[in-house]
$ cat input_32.txt   # compact mmCIF, C-alpha atoms and all ligand atoms
# COMPACT_ATOMS: atom_id res chain seq x y z
CA MET A 1081 0.00 0.00 0.00
CA THR A 1082 1.40 3.43 -0.90
CA ALA A 1083 1.20 6.22 1.67
CA ALA A 1084 -1.67 8.67 1.13
CA PRO A 1085 -0.50 12.03 -0.19
CA THR A 1086 -0.17 14.79 2.37
CA THR A 1087 -2.81 17.49 1.91
CA LEU A 1088 -1.86 19.79 4.80
CA THR A 1089 1.46 20.44 6.50
CA ALA A 1090 1.91 22.78 9.43
CA SER A 1091 5.19 23.63 11.06
CA GLY A 1092 5.99 25.57 14.20
CA LEU A 1093 2.53 27.14 14.61
CA THR A 1094 2.48 29.41 17.63
CA LEU A 1095 -0.27 31.61 18.97
CA ARG A 1096 -0.38 33.49 22.27
CA TYR A 1097 -3.26 35.11 24.07
CA GLY A 1098 -1.48 37.46 26.46
CA GLY A 1099 0.62 35.17 28.65
CA THR A 1100 -1.11 31.97 27.46
CA ARG A 1101 0.57 29.94 24.75
CA ALA A 1102 -2.55 28.51 23.13
CA LEU A 1103 -0.36 26.96 20.39
CA ASP A 1104 3.26 26.27 21.16
CA ASP A 1105 5.27 25.10 18.15
CA VAL A 1106 2.63 22.85 16.58
CA SER A 1107 3.75 20.79 13.60
CA LEU A 1108 1.58 18.17 11.97
CA SER A 1109 0.48 16.81 8.64
CA LEU A 1110 -2.87 15.60 7.35
CA THR A 1111 -3.94 13.33 4.53
CA ARG A 1112 -7.37 12.68 3.03
CA GLY A 1113 -9.80 10.99 5.41
CA VAL A 1114 -10.86 11.91 8.93
CA THR A 1115 -8.20 12.90 11.47
CA GLY A 1116 -9.31 13.23 15.08
CA LEU A 1117 -7.97 15.99 17.32
CA LEU A 1118 -8.08 15.04 21.01
CA GLY A 1119 -6.98 17.05 24.01
CA PRO A 1120 -8.16 18.18 27.43
CA ASN A 1121 -10.05 21.46 27.97
CA GLY A 1122 -7.84 24.40 27.10
CA ALA A 1123 -5.36 22.25 25.12
CA GLY A 1124 -5.57 24.56 22.11
CA LYS A 1125 -7.84 22.49 19.83
CA THR A 1126 -10.24 25.30 18.92
CA THR A 1127 -7.32 27.68 18.45
CA LEU A 1128 -5.60 25.23 16.09
CA LEU A 1129 -8.80 24.74 14.09
CA ARG A 1130 -9.33 28.50 13.88
CA VAL A 1131 -5.79 28.96 12.57
CA LEU A 1132 -6.16 26.18 9.98
CA ALA A 1133 -9.56 27.57 8.95
CA THR A 1134 -7.82 30.97 8.40
CA ALA A 1135 -10.11 32.61 10.97
CA VAL A 1136 -7.05 33.87 12.87
CA PRO A 1137 -3.42 34.13 11.71
CA PRO A 1138 -0.75 32.43 13.85
CA ASP A 1139 1.92 34.56 15.57
CA GLY A 1140 4.58 32.26 14.18
CA GLY A 1141 4.97 29.20 12.01
CA GLU A 1142 3.28 28.37 8.76
CA PHE A 1143 1.03 25.91 7.04
CA ARG A 1144 -0.06 24.93 3.58
CA ALA A 1145 -3.36 23.23 2.84
CA LEU A 1146 -4.51 21.79 -0.47
CA GLY A 1147 -1.49 23.48 -2.03
CA HIS A 1148 -2.40 26.97 -0.77
CA ASP A 1149 -0.27 29.17 1.45
CA PRO A 1150 -2.60 31.36 3.54
CA ARG A 1151 0.14 33.90 4.30
CA THR A 1152 -0.71 35.64 1.03
CA SER A 1153 -4.16 37.10 0.48
CA ALA A 1154 -4.50 35.14 -2.79
CA GLY A 1155 -3.56 31.90 -0.99
CA ARG A 1156 -5.99 32.64 1.83
CA LEU A 1157 -8.82 33.30 -0.57
CA ALA A 1158 -8.06 30.14 -2.56
CA LEU A 1159 -8.00 28.06 0.62
CA ARG A 1160 -11.22 29.60 1.95
CA ARG A 1161 -12.92 28.67 -1.32
CA GLU A 1162 -12.09 25.02 -0.62
CA LEU A 1163 -12.86 25.10 3.09
CA GLY A 1164 -15.87 23.99 5.10
CA TYR A 1165 -15.79 25.06 8.74
CA LEU A 1166 -18.12 23.94 11.51
CA PRO A 1167 -17.14 26.19 14.43
CA GLN A 1168 -17.74 25.36 18.09
CA THR A 1169 -20.63 27.86 18.18
CA PRO A 1170 -22.10 28.00 14.68
CA GLY A 1171 -23.79 31.40 15.25
CA PHE A 1172 -27.23 30.47 13.98
CA HIS A 1173 -29.86 33.12 13.72
CA PRO A 1174 -32.66 31.26 15.55
CA ASP A 1175 -35.40 32.73 13.38
CA PHE A 1176 -33.77 31.56 10.17
CA THR A 1177 -35.07 28.34 8.71
CA ALA A 1178 -32.53 25.58 8.06
CA PHE A 1179 -32.72 26.47 4.36
CA GLU A 1180 -32.23 30.19 4.97
CA PHE A 1181 -29.21 29.61 7.19
CA VAL A 1182 -27.45 27.29 4.74
CA ASP A 1183 -28.41 29.61 1.86
CA TYR A 1184 -26.87 32.52 3.77
CA VAL A 1185 -23.61 30.57 4.18
CA ALA A 1186 -23.76 29.66 0.47
CA ILE A 1187 -24.00 33.36 -0.41
CA LEU A 1188 -20.94 34.05 1.76
CA LYS A 1189 -19.22 31.25 -0.13
CA GLU A 1190 -19.80 33.20 -3.34
CA LEU A 1191 -22.44 30.94 -4.89
CA THR A 1192 -24.01 33.86 -6.70
CA ASP A 1193 -26.31 32.14 -9.18
CA ARG A 1194 -29.58 31.86 -7.25
CA GLY A 1195 -30.94 28.75 -8.98
CA ALA A 1196 -27.66 26.81 -8.73
CA ARG A 1197 -27.19 27.95 -5.14
CA HIS A 1198 -30.65 26.79 -4.09
CA ARG A 1199 -30.03 23.42 -5.72
CA GLU A 1200 -26.76 23.14 -3.78
CA VAL A 1201 -28.48 24.10 -0.49
CA ARG A 1202 -31.13 21.44 -1.08
CA ARG A 1203 -28.42 18.90 -1.94
CA VAL A 1204 -26.45 19.41 1.28
CA LEU A 1205 -29.58 19.48 3.44
CA GLU A 1206 -30.67 16.21 1.89
CA ALA A 1207 -27.17 14.78 2.40
CA VAL A 1208 -27.57 15.31 6.15
CA ASP A 1209 -31.20 14.03 6.15
CA LEU A 1210 -32.78 17.42 6.72
CA GLY A 1211 -34.57 17.75 3.39
CA GLU A 1212 -37.96 17.37 5.05
CA VAL A 1213 -37.42 20.03 7.72
CA ARG A 1214 -35.60 22.59 5.63
CA GLY A 1215 -38.47 25.08 6.08
CA LYS A 1216 -38.44 24.80 9.88
CA ARG A 1217 -36.98 27.57 12.01
CA ILE A 1218 -33.69 26.61 13.63
CA LYS A 1219 -35.03 27.41 17.10
CA ARG A 1220 -37.60 24.61 16.62
CA LEU A 1221 -35.00 21.95 15.71
CA SER A 1222 -33.38 19.49 18.15
CA GLY A 1223 -29.71 19.82 19.08
CA GLY A 1224 -28.79 16.95 16.76
CA MET A 1225 -30.67 18.53 13.86
CA ARG A 1226 -28.94 21.86 14.50
CA GLN A 1227 -25.55 20.16 14.37
CA ARG A 1228 -26.57 18.63 11.05
CA VAL A 1229 -27.61 22.09 9.77
CA ALA A 1230 -24.12 23.28 10.73
CA LEU A 1231 -22.58 20.30 8.93
CA ALA A 1232 -24.70 21.03 5.85
CA ALA A 1233 -23.43 24.63 5.92
CA ALA A 1234 -19.85 23.32 6.12
CA LEU A 1235 -20.49 21.01 3.13
CA VAL A 1236 -21.84 23.73 0.83
CA GLY A 1237 -19.81 24.00 -2.35
CA ASP A 1238 -18.20 20.57 -1.87
CA PRO A 1239 -15.06 21.76 -0.01
CA GLY A 1240 -11.89 19.65 -0.08
CA PHE A 1241 -10.94 20.54 3.50
CA LEU A 1242 -13.44 20.24 6.35
CA VAL A 1243 -12.72 21.59 9.83
CA LEU A 1244 -15.20 20.36 12.45
CA ASP A 1245 -15.00 21.68 16.01
CA GLU A 1246 -16.62 19.27 18.48
CA PRO A 1247 -19.58 18.50 16.24
CA THR A 1248 -20.85 15.58 18.36
CA VAL A 1249 -21.10 17.50 21.63
CA GLY A 1250 -24.47 17.09 23.31
CA LEU A 1251 -25.78 14.48 20.88
CA ASP A 1252 -27.48 11.34 22.12
CA PRO A 1253 -25.87 8.03 21.10
CA GLU A 1254 -28.17 7.49 18.12
CA GLN A 1255 -27.65 11.02 16.79
CA ARG A 1256 -23.92 10.69 17.40
CA MET A 1257 -23.85 7.47 15.40
CA ARG A 1258 -25.76 9.12 12.54
CA PHE A 1259 -23.40 12.08 12.68
CA ARG A 1260 -20.40 9.75 12.53
CA GLU A 1261 -21.82 8.13 9.41
CA LEU A 1262 -22.16 11.55 7.79
CA VAL A 1263 -18.63 12.60 8.74
CA ALA A 1264 -17.25 9.27 7.50
CA GLU A 1265 -19.02 9.87 4.16
CA ALA A 1266 -17.65 13.42 4.07
CA GLY A 1267 -14.16 12.02 4.73
CA GLU A 1268 -14.17 9.99 1.52
CA GLY A 1269 -11.89 11.97 -0.74
CA ARG A 1270 -11.71 14.99 1.59
CA THR A 1271 -9.32 16.10 4.29
CA VAL A 1272 -11.32 16.31 7.51
CA LEU A 1273 -10.00 17.50 10.87
CA LEU A 1274 -12.42 16.81 13.70
CA SER A 1275 -11.90 17.95 17.26
CA THR A 1276 -13.69 15.96 19.92
CA HIS A 1277 -13.62 14.90 23.55
CA GLN A 1278 -15.09 11.55 22.57
CA THR A 1279 -12.34 8.96 22.23
CA GLU A 1280 -15.02 6.68 20.78
CA ASP A 1281 -15.51 9.10 17.87
CA VAL A 1282 -11.82 8.71 17.11
CA ALA A 1283 -11.78 4.93 17.53
CA MET A 1284 -14.78 4.48 15.23
CA LEU A 1285 -14.21 7.16 12.64
CA CYS A 1286 -10.66 8.37 12.28
CA HIS A 1287 -7.74 6.98 10.34
CA ARG A 1288 -5.32 9.33 12.12
CA VAL A 1289 -5.29 11.03 15.48
CA VAL A 1290 -3.45 14.02 16.93
CA VAL A 1291 -3.32 14.61 20.69
CA LEU A 1292 -2.76 18.16 21.82
CA ALA A 1293 -2.02 19.29 25.41
CA HIS A 1294 -0.89 22.72 26.59
CA GLY A 1295 -0.67 23.84 22.98
CA ARG A 1296 1.78 21.09 21.99
CA VAL A 1297 1.37 17.95 19.92
CA ARG A 1298 1.76 14.95 22.24
CA PHE A 1299 0.93 12.27 19.72
CA GLU A 1300 0.39 11.94 15.99
CA GLY A 1301 -0.37 8.57 14.45
CA THR A 1302 -3.08 6.00 13.89
CA PRO A 1303 -5.76 5.14 16.46
CA ALA A 1304 -4.21 1.65 16.69
CA GLU A 1305 -0.83 3.19 17.59
CA LEU A 1306 -2.43 5.36 20.27
CA THR A 1307 -4.21 2.31 21.70
CA ALA A 1308 -0.95 0.33 21.59
CA ARG A 1309 0.61 2.85 23.97
CA ALA A 1310 -1.52 1.26 26.68
CA ALA A 1311 -0.63 -2.36 25.83
CA GLY A 1312 0.38 -4.13 29.04
CA ARG A 1313 -0.57 -1.05 31.07
CA VAL A 1314 -4.22 -1.71 31.90
CA TRP A 1315 -5.18 -4.15 34.59
CA SER A 1316 -8.04 -5.27 36.75
CA SER A 1317 -8.00 -5.45 40.56
CA ASP A 1318 -10.42 -5.82 43.47
CA GLN A 1319 -9.28 -2.55 45.06
CA ARG A 1320 -8.17 0.66 43.40
CA ASP A 1321 -4.44 0.27 42.90
CA PRO A 1322 -2.74 3.31 44.50
CA ALA A 1323 0.15 2.95 42.03
CA ALA A 1324 -2.20 3.47 39.05
CA ARG A 1325 -2.17 6.77 37.11
CA ALA A 1326 -5.92 6.41 36.82
CA GLY A 1327 -8.34 3.87 38.22
CA TRP A 1328 -12.07 3.50 38.56
CA ARG A 1329 -14.65 1.02 39.73
CA THR A 1330 -16.42 -0.56 36.77
CA GLY A 1331 -20.00 -1.73 36.60
CA THR A 1332 -18.94 -5.24 37.61
CA GLY A 1333 -17.43 -3.96 40.88
CA THR A 1334 -13.79 -4.60 39.93
CA PHE A 1335 -11.36 -1.73 39.34
CA ARG A 1336 -9.86 -0.86 35.98
CA ASN A 1337 -6.39 0.61 36.44
CA VAL A 1338 -4.16 2.39 33.94
CA GLY A 1339 -0.45 2.97 34.54
CA ASP A 1340 2.42 0.68 35.48
CA PRO A 1341 0.97 -2.65 36.61
CA PRO A 1342 2.43 -4.69 39.47
CA GLU A 1343 4.00 -8.12 38.84
CA GLY A 1344 1.42 -10.73 37.91
CA ALA A 1345 -1.37 -8.18 37.37
CA ASP A 1346 -4.51 -9.31 35.59
CA LEU A 1347 -3.96 -7.41 32.32
CA LEU A 1348 -6.87 -6.12 30.27
CA GLU A 1349 -7.23 -5.28 26.60
CA PRO A 1350 -6.42 -1.55 26.21
CA THR A 1351 -8.74 0.94 24.56
CA LEU A 1352 -7.90 4.12 22.67
CA GLU A 1353 -9.00 6.06 25.75
CA ASP A 1354 -6.38 4.23 27.85
CA GLY A 1355 -3.68 5.17 25.34
CA TYR A 1356 -4.93 8.76 25.37
CA LEU A 1357 -4.87 8.96 29.19
CA LEU A 1358 -1.32 7.62 29.27
CA THR A 1359 -0.22 10.02 26.54
CA LEU A 1360 -1.42 12.91 28.67
CA ASP A 1361 0.67 11.42 31.47
CA GLY A 1362 -1.84 12.26 34.15
CA GLU A 1363 -2.15 15.99 33.37
CA SER A 1364 -5.75 17.21 33.55
CA ALA A 1365 -6.95 13.70 32.90
CA ALA A 1366 -6.83 11.91 36.23
CA VAL A 1367 -9.84 9.67 36.61
CA THR A 1368 -10.47 8.48 40.11
CA ALA A 1369 -13.12 6.28 41.63
N1 LIG A 1401 -9.90 34.71 22.79
C1 LIG A 1401 -9.09 34.30 23.77
N2 LIG A 1401 -8.52 35.15 24.64
C2 LIG A 1401 -7.69 34.73 25.62
N3 LIG A 1401 -7.38 33.42 25.84
C3 LIG A 1401 -7.93 32.53 25.02
C4 LIG A 1401 -8.81 32.90 23.94
N4 LIG A 1401 -9.20 31.77 23.29
C5 LIG A 1401 -8.59 30.75 23.93
N5 LIG A 1401 -7.82 31.19 24.95
C6 LIG A 1401 -6.98 30.36 25.83
O1 LIG A 1401 -6.13 29.59 24.99
C7 LIG A 1401 -6.01 28.26 25.49
C8 LIG A 1401 -6.49 27.28 24.44
O2 LIG A 1401 -7.91 27.42 24.26
P1 LIG A 1401 -8.75 26.58 23.20
O3 LIG A 1401 -10.15 27.11 23.24
O4 LIG A 1401 -8.05 26.58 21.91
O5 LIG A 1401 -8.68 25.13 23.85
P2 LIG A 1401 -9.56 23.82 23.52
O6 LIG A 1401 -8.63 22.68 23.48
O7 LIG A 1401 -10.40 24.06 22.31
O8 LIG A 1401 -10.47 23.73 24.80
P3 LIG A 1401 -11.97 23.07 24.99
O9 LIG A 1401 -11.79 21.59 24.87
O10 LIG A 1401 -12.31 23.49 26.39
O11 LIG A 1401 -12.86 23.68 23.93
C9 LIG A 1401 -6.80 28.21 26.78
O12 LIG A 1401 -5.90 28.45 27.84
C10 LIG A 1401 -7.79 29.36 26.63
O13 LIG A 1401 -8.15 29.87 27.89

$ encode --input "input_32.txt" --output "structure tokens"
Amino acid sequence: MTAAPTTLTASGLTLRYGGTRALDDVSLSLTRGVTGLLGPNGAGKTTLLRVLATAVPPDGGEFRALGHDPRTSAGRLALRRELGYLPQTPGFHPDFTAFEFVDYVAILKELTDRGARHREVRRVLEAVDLGEVRGKRIKRLSGGMRQRVALAAALVGDPGFLVLDEPTVGLDPEQRMRFRELVAEAGEGRTVLLSTHQTEDVAMLCHRVVVLAHGRVRFEGTPAELTARAAGRVWSSDQRDPAARAGWRTGTGTFRNVGDPPEGADLLEPTLEDGYLLTLDGESAAVTA
């Protein structure tokens, strides 16, 4: 199998807010397909997505996406034309209907021909299963439907690069599953960067994963490689093991421990979440019973 071509490379991205280094020398590369971005609260995920979506320029470092260099105004414009961005707070006008909101985004994306634009708006709303409710006001839609409206807006114009900031937050398991299907479909042939707190989203959906903490990349690789970091480091016990980095009582009453197991420990199969917890090395991620 040949390696997938790189569609985005970033090197040394830095961004400060006063004394806070939101991004501290971030380098990474992306290929087509869905890459998950994991990290604790305040890690810099939203800041990174905003930089890559050209919403804010970095203080230092550079990146190229889909062959465009956003440091020039021509490069920025070319990249924005190929970009779909689902921000953390999509900024809906609650009185807009789903159609009106997506149409408004389509106008901003320079789809000037009214007939063609309306066809495109209907296409993306149907792609996210909202064709039937396109005339409903956004304030009357459920949280899951609103997230799908935001995804439809990001998909307008068939962008090659999709940036999705915590799109599954607040969705129930069924809605989250449906959303994953839609993102997986969107990831066929596109470069998708998805930030999430759900390690399950990453395990089920992503071909690559980046872990960010304190504005720095702590891990970049496949979900299997992240999971493998916890191989031999997860064990079961009757009591919480004080030596564990993290440990919690499971539904069966035994404790699941993550860290450095004692001799002869009853080892368990690791999950991606275990690998993630160990990658963070305890910072902001301690889970206790
Ligand atoms: N506009 C801003 N002004 C000042 N500080 C900011 C601003 N935006 C973010 N920060 C700070 O930058 C750091 C990174 O924030 P960011 O929102 O990128 O993290 P995050 O990983 O997306 O967090 P969360 O998971 O909570 O959404 C945090 O310390 C945050 O407080």

$ residues_near_ligand --input "input_32.txt" --ligand "ligand LIG 1401 (chain A)" --cutoff "9 Å" --atoms "all atoms listed in the file" --output "PyMOL selection string"
chain A and resi 1095-1103+1118-1130+1168+1245-1246+1275-1277+1292-1295

$ residues_around --input "input_32.txt" --residues "Gly1171 (chain A)" --least-positions-apart "6" --cutoff "12 Å" --atoms "only C-alpha atoms" --output "PDB file with C-alpha atoms, in the frame of the given file"
ATOM      1  CA  PHE A1181     -29.210  29.610   7.190  1.00  0.00           C
ATOM      2  CA  VAL A1182     -27.450  27.290   4.740  1.00  0.00           C
ATOM      3  CA  TYR A1184     -26.870  32.520   3.770  1.00  0.00           C
ATOM      4  CA  VAL A1185     -23.610  30.570   4.180  1.00  0.00           C
ATOM      5  CA  ILE A1218     -33.690  26.610  13.630  1.00  0.00           C
ATOM      6  CA  ARG A1226     -28.940  21.860  14.500  1.00  0.00           C
ATOM      7  CA  GLN A1227     -25.550  20.160  14.370  1.00  0.00           C
ATOM      8  CA  VAL A1229     -27.610  22.090   9.770  1.00  0.00           C
ATOM      9  CA  ALA A1230     -24.120  23.280  10.730  1.00  0.00           C
ATOM     10  CA  ALA A1233     -23.430  24.630   5.920  1.00  0.00           C
TER      11      ALA A1233
END

$ atom_distance --input "input_32.txt" --atom1 "CA of Arg1151 (chain A)" --atom2 "CA of Thr1134 (chain A)"
9.4 Å

$ residues_around --input "input_32.txt" --residues "Gly1140 (chain A)" --least-positions-apart "6" --cutoff "7 Å" --atoms "all atoms listed in the file" --output "ChimeraX atom specification"
/A:1092-1095

$ write_last_selection --input "input_32.txt" --atoms "C-alpha atoms" --output "mmCIF file, keeping the file's coordinate frame"
data_model
loop_
_atom_site.group_PDB
_atom_site.id
_atom_site.type_symbol
_atom_site.label_atom_id
_atom_site.label_comp_id
_atom_site.auth_asym_id
_atom_site.auth_seq_id
_atom_site.Cartn_x
_atom_site.Cartn_y
_atom_site.Cartn_z
ATOM 1 C CA GLY A 1092 5.990 25.570 14.200
ATOM 2 C CA LEU A 1093 2.530 27.140 14.610
ATOM 3 C CA THR A 1094 2.480 29.410 17.630
ATOM 4 C CA LEU A 1095 -0.270 31.610 18.970
#

$ residues_around --input "input_32.txt" --residues "Phe1299 (chain A)" --least-positions-apart "4" --cutoff "8 Å" --atoms "all atoms listed in the file" --output "PyMOL selection string"
chain A and resi 1289-1292+1306+1359

$ write_last_selection --input "input_32.txt" --atoms "C-alpha atoms" --output "PDB file, in the coordinates of the input"
ATOM      1  CA  VAL A1289      -5.290  11.030  15.480  1.00  0.00           C
ATOM      2  CA  VAL A1290      -3.450  14.020  16.930  1.00  0.00           C
ATOM      3  CA  VAL A1291      -3.320  14.610  20.690  1.00  0.00           C
ATOM      4  CA  LEU A1292      -2.760  18.160  21.820  1.00  0.00           C
ATOM      5  CA  LEU A1306      -2.430   5.360  20.270  1.00  0.00           C
ATOM      6  CA  THR A1359      -0.220  10.020  26.540  1.00  0.00           C
TER       7      THR A1359
END

$ atom_distance --input "input_32.txt" --atom1 "CA of Asp1175 (chain A)" --atom2 "CA of Gly1211 (chain A)"
18.0 Å

$ decode --input "input_32.txt" --residues "region 1242-1320 of chain A" --atoms "C-alpha atoms" --output "tab-separated table (two decimals), in the first residue's frame"
chain	number	residue	atom	x	y	z
A	1242	LEU	CA	-13.44	20.24	6.35
A	1243	VAL	CA	-12.72	21.59	9.83
A	1244	LEU	CA	-15.20	20.36	12.45
A	1245	ASP	CA	-15.00	21.68	16.01
A	1246	GLU	CA	-16.62	19.27	18.48
A	1247	PRO	CA	-19.58	18.50	16.24
A	1248	THR	CA	-20.85	15.58	18.36
A	1249	VAL	CA	-21.10	17.50	21.63
A	1250	GLY	CA	-24.47	17.09	23.31
A	1251	LEU	CA	-25.78	14.48	20.88
A	1252	ASP	CA	-27.48	11.34	22.12
A	1253	PRO	CA	-25.87	8.03	21.10
A	1254	GLU	CA	-28.17	7.49	18.12
A	1255	GLN	CA	-27.65	11.02	16.79
A	1256	ARG	CA	-23.92	10.69	17.40
A	1257	MET	CA	-23.85	7.47	15.40
A	1258	ARG	CA	-25.76	9.12	12.54
A	1259	PHE	CA	-23.40	12.08	12.68
A	1260	ARG	CA	-20.40	9.75	12.53
A	1261	GLU	CA	-21.82	8.13	9.41
A	1262	LEU	CA	-22.16	11.55	7.79
A	1263	VAL	CA	-18.63	12.60	8.74
A	1264	ALA	CA	-17.25	9.27	7.50
A	1265	GLU	CA	-19.02	9.87	4.16
A	1266	ALA	CA	-17.65	13.42	4.07
A	1267	GLY	CA	-14.16	12.02	4.73
A	1268	GLU	CA	-14.17	9.99	1.52
A	1269	GLY	CA	-11.89	11.97	-0.74
A	1270	ARG	CA	-11.71	14.99	1.59
A	1271	THR	CA	-9.32	16.10	4.29
A	1272	VAL	CA	-11.32	16.31	7.51
A	1273	LEU	CA	-10.00	17.50	10.87
A	1274	LEU	CA	-12.42	16.81	13.70
A	1275	SER	CA	-11.90	17.95	17.26
A	1276	THR	CA	-13.69	15.96	19.92
A	1277	HIS	CA	-13.62	14.90	23.55
A	1278	GLN	CA	-15.09	11.55	22.57
A	1279	THR	CA	-12.34	8.96	22.23
A	1280	GLU	CA	-15.02	6.68	20.78
A	1281	ASP	CA	-15.51	9.10	17.87
A	1282	VAL	CA	-11.82	8.71	17.11
A	1283	ALA	CA	-11.78	4.93	17.53
A	1284	MET	CA	-14.78	4.48	15.23
A	1285	LEU	CA	-14.21	7.16	12.64
A	1286	CYS	CA	-10.66	8.37	12.28
A	1287	HIS	CA	-7.74	6.98	10.34
A	1288	ARG	CA	-5.32	9.33	12.12
A	1289	VAL	CA	-5.29	11.03	15.48
A	1290	VAL	CA	-3.45	14.02	16.93
A	1291	VAL	CA	-3.32	14.61	20.69
A	1292	LEU	CA	-2.76	18.16	21.82
A	1293	ALA	CA	-2.02	19.29	25.41
A	1294	HIS	CA	-0.89	22.72	26.59
A	1295	GLY	CA	-0.67	23.84	22.98
A	1296	ARG	CA	1.78	21.09	21.99
A	1297	VAL	CA	1.37	17.95	19.92
A	1298	ARG	CA	1.76	14.95	22.24
A	1299	PHE	CA	0.93	12.27	19.72
A	1300	GLU	CA	0.39	11.94	15.99
A	1301	GLY	CA	-0.37	8.57	14.45
A	1302	THR	CA	-3.08	6.00	13.89
A	1303	PRO	CA	-5.76	5.14	16.46
A	1304	ALA	CA	-4.21	1.65	16.69
A	1305	GLU	CA	-0.83	3.19	17.59
A	1306	LEU	CA	-2.43	5.36	20.27
A	1307	THR	CA	-4.21	2.31	21.70
A	1308	ALA	CA	-0.95	0.33	21.59
A	1309	ARG	CA	0.61	2.85	23.97
A	1310	ALA	CA	-1.52	1.26	26.68
A	1311	ALA	CA	-0.63	-2.36	25.83
A	1312	GLY	CA	0.38	-4.13	29.04
A	1313	ARG	CA	-0.57	-1.05	31.07
A	1314	VAL	CA	-4.22	-1.71	31.90
A	1315	TRP	CA	-5.18	-4.15	34.59
A	1316	SER	CA	-8.04	-5.27	36.75
A	1317	SER	CA	-8.00	-5.45	40.56
A	1318	ASP	CA	-10.42	-5.82	43.47
A	1319	GLN	CA	-9.28	-2.55	45.06
A	1320	ARG	CA	-8.17	0.66	43.40
